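Visitor: Quick one: structure below, then a few questions.
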Amino acid sequence: MSEIMEIQELLNLKEVLEWQISIAKCGSIIEDRKQQLTEVNKRIKKLQEHEEIIKNNAL
């Protein structure tokens, strides 16, 4: 899978997690989703940085 596709899938997952956090009533669910969201955000950032390095090296 290309990194662009993976980033898009992670952005979609991020949106779902944010929605789940906004409607969650149980504290443990909120904390679990926040942890998942943190991991998704880290992965998105890492992939975007890698994508930027590839673009810069191609120039």
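By order of appearance in the structure tokens: chains A, B, ..., then residues from 1 within every chain, and ligands from 1 in the order shown.
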So that I can check the surroundings of region 3-15 of chain A, please list as a PyMOL selection string every protein, DNA and RNA residue that reaches within 8 Å of it, counting only C-alpha atoms and ignoring chain neighbours fewer than 6 positions away.

Guide: chain A and resi 37+40-41+43-44+47-48+51

Visitor: In Å to one decimal, how far is CA of Glu49 (chain A) from CA of Glu31 (chain A)?

Guide: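 Distance reported for this atom pair: 27.0 Å.
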
Visitor: With only C-alpha atoms as the atoms that count, which of A:Asn57, A:Ser2, A:Lys34, A:Ser28 lies nearest to Val16 (chain A)?

Guide: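 Comparing A:Asn57, A:Ser2, A:Lys34, A:Ser28 against Val16 (chain A), the winner is A:Lys34.
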
Visitor: Calculate how many Å separate CA of Ala58 (chain A) from CA of Lys42 (chain A), rounding to one decimal.

Guide: 24.4 Å

Visitor: Give me, please, the distance in Å between CA of Leu17 (chain A) and CA of Arg33 (chain A), quoted to one decimal.

Guide: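 Computed distance, CA of Leu17 (chain A) to CA of Arg33 (chain A), equals 5.9 Å.
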